[in-house]
>>> print(open('model_35.cif').read())   # mmCIF, C-alpha atoms
data_work
loop_
_atom_site.label_atom_id
_atom_site.label_comp_id
_atom_site.auth_asym_id
_atom_site.auth_seq_id
_atom_site.Cartn_x
_atom_site.Cartn_y
_atom_site.Cartn_z
CA MET A 1 -31.90 22.46 42.42
CA CYS A 2 -33.46 19.16 41.57
CA GLU A 3 -30.85 16.51 40.76
CA THR A 4 -33.06 14.76 38.29
CA CYS A 5 -34.40 17.46 36.00
CA GLY A 6 -32.49 20.53 37.07
CA CYS A 7 -35.60 22.47 37.96
CA ASP A 8 -35.23 25.14 40.59
CA ALA A 9 -37.43 23.93 43.37
CA GLY A 10 -36.01 26.34 45.92
CA ASP A 11 -36.14 24.78 49.34
CA ALA A 12 -38.45 22.02 48.19
CA ALA A 13 -37.21 18.48 48.28
CA ARG A 14 -35.41 16.87 45.39
CA LEU A 15 -36.97 13.97 43.60
CA THR A 16 -34.48 11.48 42.30
CA ALA A 17 -35.35 8.56 40.10
CA VAL A 18 -32.84 5.72 40.21
CA GLY A 19 -32.71 2.77 37.85
CA GLY A 20 -34.69 2.25 34.66
CA GLY A 21 -35.27 5.91 33.88
CA ALA A 22 -38.48 6.03 35.86
CA ALA A 23 -40.82 8.95 35.40
CA HIS A 24 -39.87 12.05 37.31
CA ALA A 25 -43.03 13.33 38.93
CA HIS A 26 -43.88 16.80 40.12
CA PRO A 27 -44.76 18.32 42.53
CA HIS A 28 -42.09 17.26 44.96
CA PRO A 29 -42.77 15.75 48.39
CA HIS A 30 -42.00 17.52 51.61
CA PRO A 31 -38.59 19.09 52.30
CA HIS A 32 -35.37 17.23 52.97
CA GLU A 33 -36.60 13.91 51.71
CA ARG A 34 -36.23 12.41 48.32
CA VAL A 35 -37.78 9.50 46.57
CA ILE A 36 -35.73 6.67 45.19
CA VAL A 37 -37.58 4.49 42.75
CA LEU A 38 -36.62 0.85 43.16
CA ASP A 39 -39.25 -1.27 41.36
CA HIS A 40 -37.69 -4.30 42.97
CA ARG A 41 -39.61 -7.58 43.02
CA VAL A 42 -39.59 -8.70 46.63
CA LEU A 43 -39.03 -12.36 45.85
CA SER A 44 -36.51 -11.73 43.08
CA HIS A 45 -33.65 -13.14 45.14
CA ASN A 46 -35.53 -16.41 45.66
CA ASP A 47 -36.70 -16.44 42.05
CA ASP A 48 -33.14 -15.92 40.78
CA LEU A 49 -31.91 -18.82 42.90
CA ALA A 50 -34.83 -20.95 41.69
CA ALA A 51 -33.92 -20.16 38.07
CA ARG A 52 -30.35 -21.20 38.84
CA ASN A 53 -31.60 -24.48 40.37
CA ARG A 54 -33.82 -25.07 37.34
CA ALA A 55 -30.91 -24.57 34.93
CA TRP A 56 -28.63 -26.79 37.04
CA LEU A 57 -31.26 -29.55 37.02
CA ALA A 58 -31.97 -29.19 33.28
CA GLU A 59 -28.27 -29.47 32.40
CA ARG A 60 -28.23 -32.82 34.15
CA GLY A 61 -31.55 -34.09 32.86
CA ILE A 62 -32.87 -34.30 36.43
CA LEU A 63 -36.62 -34.17 37.00
CA ALA A 64 -37.40 -32.26 40.22
CA LEU A 65 -40.90 -32.13 41.68
CA ASN A 66 -42.16 -29.94 44.50
CA VAL A 67 -44.56 -32.08 46.56
CA MET A 68 -46.87 -30.07 48.81
CA SER A 69 -49.83 -30.76 51.09
CA SER A 70 -51.10 -30.13 54.58
CA PRO A 71 -49.51 -32.26 57.34
CA GLY A 72 -50.88 -35.80 57.36
CA SER A 73 -52.13 -36.06 53.77
CA GLY A 74 -49.66 -38.85 53.07
CA LYS A 75 -46.75 -37.21 51.27
CA THR A 76 -44.12 -39.37 52.90
CA THR A 77 -46.11 -42.60 52.48
CA LEU A 78 -46.68 -41.79 48.80
CA LEU A 79 -42.98 -41.10 48.30
CA GLU A 80 -41.93 -44.25 50.19
CA ARG A 81 -44.03 -46.32 47.84
CA THR A 82 -42.95 -44.32 44.77
CA VAL A 83 -39.26 -44.65 45.65
CA ALA A 84 -39.61 -48.40 46.18
CA ASP A 85 -41.47 -48.84 42.85
CA LEU A 86 -39.33 -46.54 40.69
CA SER A 87 -35.78 -46.97 42.00
CA PRO A 88 -35.22 -50.27 40.13
CA SER A 89 -35.60 -48.37 36.85
CA GLY A 90 -33.53 -45.28 37.70
CA PRO A 91 -32.02 -43.19 40.48
CA VAL A 92 -34.54 -41.54 42.81
CA ALA A 93 -33.59 -39.00 45.46
CA VAL A 94 -35.54 -37.02 48.03
CA ILE A 95 -35.07 -33.65 49.66
CA GLU A 96 -37.15 -33.86 52.80
CA GLY A 97 -38.43 -30.68 54.43
CA ASP A 98 -39.70 -30.63 58.01
CA GLN A 99 -39.43 -28.17 60.85
CA GLU A 100 -37.63 -30.72 63.00
CA THR A 101 -36.40 -34.33 63.10
CA VAL A 102 -34.90 -36.68 60.50
CA LEU A 103 -37.73 -39.22 60.89
CA ASP A 104 -39.07 -38.88 57.34
CA ALA A 105 -35.60 -38.89 55.80
CA ARG A 106 -34.93 -42.21 57.54
CA ARG A 107 -38.16 -43.68 56.12
CA LEU A 108 -37.26 -42.61 52.59
CA ALA A 109 -33.67 -43.78 52.87
CA ALA A 110 -35.01 -47.15 54.04
CA ALA A 111 -37.23 -47.22 50.95
CA GLY A 112 -34.14 -46.87 48.75
CA ALA A 113 -33.70 -43.16 48.03
CA SER A 114 -30.63 -41.07 48.69
CA THR A 115 -32.10 -38.47 50.99
CA VAL A 116 -31.18 -35.13 52.51
CA GLN A 117 -33.24 -33.74 55.36
CA VAL A 118 -33.74 -29.98 55.55
CA ASN A 119 -34.95 -28.79 58.95
CA THR A 120 -36.41 -25.33 58.70
CA GLY A 121 -36.60 -24.69 62.46
CA SER A 122 -39.14 -21.91 62.83
CA GLY A 123 -39.55 -21.69 59.03
CA CYS A 124 -42.82 -22.80 57.47
CA HIS A 125 -41.66 -23.52 53.91
CA LEU A 126 -38.66 -24.48 51.81
CA ASP A 127 -37.04 -21.81 49.68
CA ALA A 128 -34.75 -21.95 46.66
CA ALA A 129 -31.59 -21.42 48.73
CA MET A 130 -32.40 -24.40 50.95
CA VAL A 131 -32.99 -26.58 47.89
CA SER A 132 -29.77 -25.36 46.28
CA GLY A 133 -27.82 -26.40 49.39
CA ALA A 134 -29.64 -29.72 49.56
CA LEU A 135 -28.94 -30.47 45.88
CA ALA A 136 -25.23 -29.80 46.42
CA GLU A 137 -25.25 -32.22 49.36
CA LEU A 138 -27.38 -34.80 47.57
CA ALA A 139 -25.41 -34.68 44.29
CA PRO A 140 -28.05 -36.63 42.35
CA PRO A 141 -26.75 -38.46 39.27
CA ASP A 142 -27.70 -37.28 35.77
CA GLY A 143 -31.18 -38.37 34.78
CA ALA A 144 -32.36 -38.83 38.39
CA THR A 145 -35.81 -38.04 39.70
CA VAL A 146 -35.70 -35.75 42.74
CA PHE A 147 -38.77 -35.34 44.92
CA VAL A 148 -38.75 -32.29 47.14
CA GLU A 149 -41.13 -32.97 49.99
CA ASN A 150 -42.05 -29.52 51.21
CA VAL A 151 -42.99 -28.65 54.79
CA GLY A 152 -46.58 -29.76 55.49
CA ASN A 153 -48.44 -26.50 54.96
CA LEU A 154 -50.98 -25.41 52.34
CA VAL A 155 -50.25 -21.70 52.67
CA CYS A 156 -46.64 -20.56 52.69
CA PRO A 157 -44.93 -23.03 50.29
CA ALA A 158 -47.22 -21.80 47.50
CA LEU A 159 -45.25 -18.58 47.28
CA PHE A 160 -41.73 -19.91 46.86
CA ASP A 161 -40.41 -21.23 43.57
CA LEU A 162 -37.78 -23.88 44.23
CA GLY A 163 -36.71 -24.49 40.63
CA GLU A 164 -38.91 -27.58 40.23
CA ARG A 165 -40.27 -28.83 36.91
CA ALA A 166 -43.78 -29.22 38.33
CA ARG A 167 -45.81 -28.76 41.49
CA VAL A 168 -47.55 -31.80 42.90
CA VAL A 169 -50.30 -31.00 45.39
CA LEU A 170 -51.63 -33.79 47.55
CA MET A 171 -54.77 -33.93 49.64
CA SER A 172 -56.62 -36.81 51.23
CA VAL A 173 -60.25 -37.87 51.53
CA THR A 174 -60.11 -37.43 55.31
CA GLU A 175 -59.86 -33.69 54.66
CA GLY A 176 -62.75 -31.56 53.42
CA ALA A 177 -63.66 -31.64 49.73
CA ASP A 178 -63.80 -27.84 49.89
CA LYS A 179 -60.13 -27.57 50.86
CA PRO A 180 -59.08 -26.15 47.45
CA LEU A 181 -61.43 -23.20 47.99
CA LYS A 182 -60.01 -22.56 51.45
CA TYR A 183 -56.38 -22.60 50.28
CA PRO A 184 -56.72 -21.12 46.80
CA HIS A 185 -53.12 -20.06 46.23
CA MET A 186 -51.79 -23.57 46.62
CA PHE A 187 -54.32 -25.17 44.28
CA ARG A 188 -54.13 -22.33 41.77
CA GLY A 189 -50.45 -23.10 41.19
CA ALA A 190 -50.77 -26.91 41.05
CA ASP A 191 -49.70 -28.92 38.00
CA VAL A 192 -51.38 -32.08 39.27
CA LEU A 193 -53.60 -32.92 42.24
CA LEU A 194 -53.27 -36.29 43.92
CA LEU A 195 -56.30 -37.30 45.97
CA ASN A 196 -54.90 -39.77 48.48
CA LYS A 197 -56.39 -42.35 50.88
CA ILE A 198 -59.21 -43.33 48.48
CA ASP A 199 -59.24 -46.73 50.23
CA LEU A 200 -61.04 -44.84 53.04
CA LEU A 201 -63.83 -43.49 50.80
CA PRO A 202 -66.39 -46.04 52.05
CA TYR A 203 -65.90 -44.76 55.61
CA VAL A 204 -65.86 -40.99 55.15
CA ASP A 205 -68.25 -38.42 53.78
CA PHE A 206 -66.17 -37.08 50.90
CA ASP A 207 -67.50 -35.90 47.53
CA VAL A 208 -64.78 -36.60 44.94
CA ASP A 209 -66.57 -34.70 42.16
CA ALA A 210 -67.09 -31.65 44.38
CA CYS A 211 -63.38 -31.68 45.22
CA ARG A 212 -62.42 -31.88 41.53
CA ASP A 213 -64.83 -29.04 40.70
CA ALA A 214 -63.46 -26.89 43.52
CA ALA A 215 -59.87 -27.42 42.38
CA ARG A 216 -60.77 -26.66 38.77
CA ARG A 217 -62.45 -23.41 39.74
CA LEU A 218 -59.01 -22.25 40.73
CA CYS A 219 -56.99 -24.10 38.15
CA PRO A 220 -59.06 -24.85 35.04
CA GLY A 221 -58.32 -28.26 33.56
CA LEU A 222 -56.25 -29.41 36.57
CA ARG A 223 -55.70 -33.14 36.44
CA MET A 224 -56.78 -35.00 39.59
CA LEU A 225 -55.40 -38.48 40.21
CA PRO A 226 -57.20 -40.52 42.90
CA VAL A 227 -54.69 -42.79 44.67
CA SER A 228 -54.17 -44.87 47.75
CA ALA A 229 -50.51 -44.74 48.72
CA THR A 230 -50.98 -47.57 51.22
CA ARG A 231 -53.03 -49.96 49.05
CA GLY A 232 -51.57 -48.97 45.67
CA ASP A 233 -54.76 -47.87 43.87
CA GLY A 234 -54.16 -45.40 41.07
CA LEU A 235 -50.38 -45.39 41.37
CA GLY A 236 -50.04 -46.47 37.72
CA ASP A 237 -51.61 -43.17 36.68
CA TRP A 238 -49.21 -41.30 38.98
CA TYR A 239 -46.20 -43.07 37.48
CA ASP A 240 -47.50 -42.37 33.95
CA TRP A 241 -47.81 -38.69 34.87
CA LEU A 242 -44.21 -38.72 36.18
CA ASP A 243 -43.08 -40.29 32.89
CA GLU A 244 -44.76 -37.47 30.98
CA GLN A 245 -42.90 -34.89 33.07
CA ALA A 246 -39.58 -36.61 32.50
CA ARG A 247 -39.84 -36.22 28.73
CA PRO A 248 -37.76 -33.37 27.39
CA VAL A 249 -39.77 -30.20 26.86
CA ALA A 250 -40.45 -29.73 23.14
CA GLY A 251 -38.62 -26.86 21.44
CA MET B 252 -46.25 -17.01 58.36
CA HIS B 253 -44.39 -16.42 55.10
CA GLU B 254 -44.87 -12.67 55.61
CA LEU B 255 -41.81 -12.66 57.86
CA ALA B 256 -39.67 -14.09 55.04
CA VAL B 257 -41.25 -11.63 52.62
CA THR B 258 -40.62 -8.69 54.93
CA GLU B 259 -37.02 -9.74 55.53
CA SER B 260 -36.55 -9.86 51.74
CA VAL B 261 -37.89 -6.30 51.52
CA ILE B 262 -35.51 -5.06 54.20
CA ASP B 263 -32.54 -6.98 52.77
CA ALA B 264 -33.12 -5.54 49.31
CA ILE B 265 -33.35 -1.97 50.59
CA SER B 266 -30.39 -2.36 52.94
CA ALA B 267 -28.27 -3.75 50.11
CA GLN B 268 -28.70 -0.52 48.16
CA LEU B 269 -29.20 2.14 50.81
CA SER B 270 -27.63 0.90 54.01
CA ASP B 271 -25.98 4.26 54.73
CA MET B 272 -29.19 6.25 54.43
CA ARG B 273 -32.11 6.79 56.73
CA VAL B 274 -35.24 5.54 55.01
CA THR B 275 -38.39 7.38 56.08
CA VAL B 276 -41.01 5.79 53.83
CA VAL B 277 -41.17 2.42 52.07
CA ARG B 278 -43.74 2.05 49.29
CA LEU B 279 -44.79 -1.52 48.65
CA GLU B 280 -47.19 -2.99 46.16
CA ILE B 281 -48.90 -6.16 47.40
CA GLY B 282 -51.43 -7.51 44.91
CA LYS B 283 -54.75 -8.71 46.33
CA LEU B 284 -54.06 -12.18 44.90
CA SER B 285 -50.42 -12.40 46.00
CA GLY B 286 -51.16 -14.57 49.02
CA VAL B 287 -49.45 -12.04 51.27
CA MET B 288 -51.34 -10.21 54.01
CA PRO B 289 -50.46 -6.52 54.24
CA ASP B 290 -51.31 -6.38 57.95
CA ALA B 291 -48.92 -9.23 58.69
CA VAL B 292 -46.21 -7.47 56.69
CA ARG B 293 -46.79 -4.29 58.73
CA PHE B 294 -46.44 -6.29 61.93
CA CYS B 295 -43.22 -7.93 60.77
CA PHE B 296 -41.78 -4.72 59.30
CA GLU B 297 -41.59 -2.98 62.64
CA LEU B 298 -39.87 -5.93 64.30
CA ALA B 299 -37.56 -6.96 61.47
CA GLY B 300 -36.63 -3.36 60.70
CA GLU B 301 -35.05 -2.71 64.09
CA GLY B 302 -31.39 -1.81 63.76
CA THR B 303 -31.59 -1.43 59.97
CA CYS B 304 -31.84 1.61 57.67
CA VAL B 305 -35.65 1.27 57.64
CA GLU B 306 -36.07 1.43 61.40
CA GLY B 307 -38.93 3.82 62.15
CA ALA B 308 -39.89 4.16 58.47
CA ARG B 309 -43.54 4.43 57.46
CA LEU B 310 -44.87 1.64 55.30
CA ASP B 311 -47.21 2.66 52.47
CA ILE B 312 -48.89 -0.34 50.86
CA THR B 313 -51.02 -0.28 47.71
CA GLU B 314 -53.06 -3.37 46.83
CA PRO B 315 -53.82 -3.72 43.11
CA ASP B 316 -56.65 -5.98 41.98
CA GLY B 317 -56.22 -8.93 39.66
CA THR B 318 -58.15 -9.37 36.43
CA GLY B 319 -61.01 -11.82 36.01
CA GLU B 320 -62.01 -13.07 32.58
CA CYS B 321 -65.33 -14.87 32.37
CA ARG B 322 -65.25 -17.99 30.23
CA ALA B 323 -69.05 -17.94 30.00
CA CYS B 324 -69.81 -14.37 28.87
CA GLY B 325 -66.34 -13.10 27.99
CA SER B 326 -66.42 -10.01 30.18
CA VAL B 327 -63.30 -8.74 31.89
CA PHE B 328 -63.54 -7.30 35.40
CA PRO B 329 -61.38 -6.50 38.47
CA ALA B 330 -60.79 -9.57 40.66
CA ARG B 331 -60.22 -9.05 44.37
CA ASP B 332 -59.93 -12.70 45.38
CA PRO B 333 -58.86 -15.89 43.60
CA LEU B 334 -62.45 -17.17 43.60
CA ALA B 335 -63.91 -14.10 41.93
CA LEU B 336 -67.38 -14.48 40.45
CA CYS B 337 -68.29 -12.75 37.18
CA PRO B 338 -70.99 -10.07 37.51
CA CYS B 339 -73.05 -12.37 35.22
CA GLY B 340 -73.05 -14.92 38.06
CA SER B 341 -70.70 -17.45 36.46
CA ALA B 342 -67.89 -19.03 38.45
CA GLU B 343 -66.12 -19.99 35.21
CA VAL B 344 -63.57 -17.27 35.68
CA THR B 345 -59.89 -17.22 34.79
CA VAL B 346 -58.04 -14.92 37.16
CA THR B 347 -54.74 -13.35 36.17
CA GLY B 348 -52.52 -10.67 37.70
CA GLY B 349 -52.94 -9.27 41.19
CA ALA B 350 -49.85 -11.16 42.35
CA GLU B 351 -47.58 -8.12 42.49
CA LEU B 352 -45.04 -8.11 45.30
CA THR B 353 -42.80 -5.15 44.60
CA ILE B 354 -40.84 -2.47 46.40
CA LYS B 355 -41.92 0.50 44.31
CA ALA B 356 -39.86 3.22 45.93
CA VAL B 357 -38.46 4.56 49.16
CA GLU B 358 -38.14 8.06 50.55
CA VAL B 359 -34.89 8.84 52.28
CA ALA B 360 -33.94 11.68 54.55
CA ASP B 361 -31.56 14.01 52.73
CA HIS B 362 -28.01 14.55 53.82
CA VAL B 363 -28.35 18.22 54.70
#
>>> encode(input="model_35.cif", output="structure tokens")
Amino acid sequence: MCETCGCDAGDAARLTAVGGGAAHAHPHPHPHERVIVLDHRVLSHNDDLAARNRAWLAERGILALNVMSSPGSGKTTLLERTVADLSPSGPVAVIEGDQETVLDARRLAAAGASTVQVNTGSGCHLDAAMVSGALAELAPPDGATVFVENVGNLVCPALFDLGERARVVLMSVTEGADKPLKYPHMFRGADVLLLNKIDLLPYVDFDVDACRDAARRLCPGLRMLPVSATRGDGLGDWYDWLDEQARPVAG
Amino acid sequence: MHELAVTESVIDAISAQLSDMRVTVVRLEIGKLSGVMPDAVRFCFELAGEGTCVEGARLDITEPDGTGECRACGSVFPARDPLALCPCGSAEVTVTGGAELTIKAVEVADHV
């Protein structure tokens, strides 16, 4: 007899729905096997931890930003400069993600940020559990700004919510202007796009408008901020954008 | 290769509920716009499943489309990639959905 509906299916298999009263379908599958409906979101564990991080950060008025790009776009240089410029007006901390070494964490600590390095080993992205552990270690003061520098990778980090307030995607003019189209998931989820190394524009063949158009095909209305982290161009706009994020969310 | 992390999450979630059973089929839904490659998940599933309750299980994957909404002509159509073009030719398309990443169900061998 079928455990779910009580029908007499003879020797046929039993179909058992578990959780959420899912529909009980007939006919049954082959003998001696039964179906268990799970409807379980694969990333729910990460998403739950991310929600916990987000609540923890909100309680403390901490602004956390997930900074992502391919390797070599200038994430660390941008953050070095940002830390140096912003730390006089408030606490700034960095969670630094790399497969190996503490080289970047040293650079950011030298710039004035309290920093925790997360080495992912064979891992290609940070996840919410890593950030949770790093936040506990970092213990940022209330009202701090925390930059999470993700592992340099335009593919995998796009999938993992860390609990950040916003996603900052960085690319540089030494990369192709069509990069957003090649890595659509990353750009689709961006809250702001920083176009770095604009001091090199006279020396490279890079179409800024084409890049903006490509990014906006994926993320309509996406704001693009051209900057040079080494020379300082456009950083005022970046700091203004950070100020906007730090304001409490209305309602 | 985030598919390894994704696949491990699948196996962890199933093992947490059904560790004492022998799972014969795992039914996954991987949306076409989820950023996860079904073939890579299949590859990882065999390796990561060794020694767990899903060892030897068959993996059935369905791949639902997303939805494209054209901002030029207003039509709504199935979107199979994040850069979907509207049948009218416009690239002014807002794509939603298609990001499903769900363990729908498993089949387990009965205790006979």
>>> interface_residues(input="model_35.cif", of="chain B", to="chain A", cutoff="7 Å", atoms="all atoms listed in the file", output="list of chain:residue names")
B:Met252, B:His253, B:Val257, B:Ser260, B:Val261, B:Gly286, B:Pro333, B:Leu334, B:Glu343, B:Leu352, B:Thr353, B:Ile354, B:Lys355, B:Ala356, B:Val357, B:Glu358, B:Val359, B:Ala360, B:Asp361
>>> closest_residue(input="model_35.cif", among="B:Leu298, B:Cys304, B:Val346, B:Ala291", to="B:Pro329", atoms="all atoms listed in the file")
B:Val346
>>> resolve_selection(input="model_35.cif", expression="the PyMOL selection byres ((chain B and resi 290) around 12)", output="list of chain:residue names")
B:Met252, B:Glu254, B:Leu255, B:Thr258, B:Ile281, B:Val287, B:Met288, B:Pro289, B:Ala291, B:Val292, B:Arg293, B:Phe294, B:Cys295, B:Phe296, B:Glu297, B:Leu310, B:Asp311, B:Ile312, B:Thr313, B:Glu314
>>> atom_distance(input="model_35.cif", atom1="atom CA of A:Ser114", atom2="atom CA of A:Pro88")
13.4 Å
>>> resolve_selection(input="model_35.cif", expression="the PyMOL selection byres ((chain A and resi 145) around 12)", output="PyMOL selection string")
chain A and resi 57-58+60-66+79+82-83+86-87+89-95+113-115+135+138-144+146-148+164-166+239+242-243+245-247
>>> resolve_selection(input="model_35.cif", expression="the PyMOL selection byres ((chain B and resi 307) around 10)", output="NGL selection string")
:B and (273-276 or 296-297 or 300-306 or 308-310)
>>> closest_residue(input="model_35.cif", among="A:Leu200, A:Ser132, A:Leu193, A:Ala109", to="A:Glu80", atoms="all atoms listed in the file")
A:Ala109
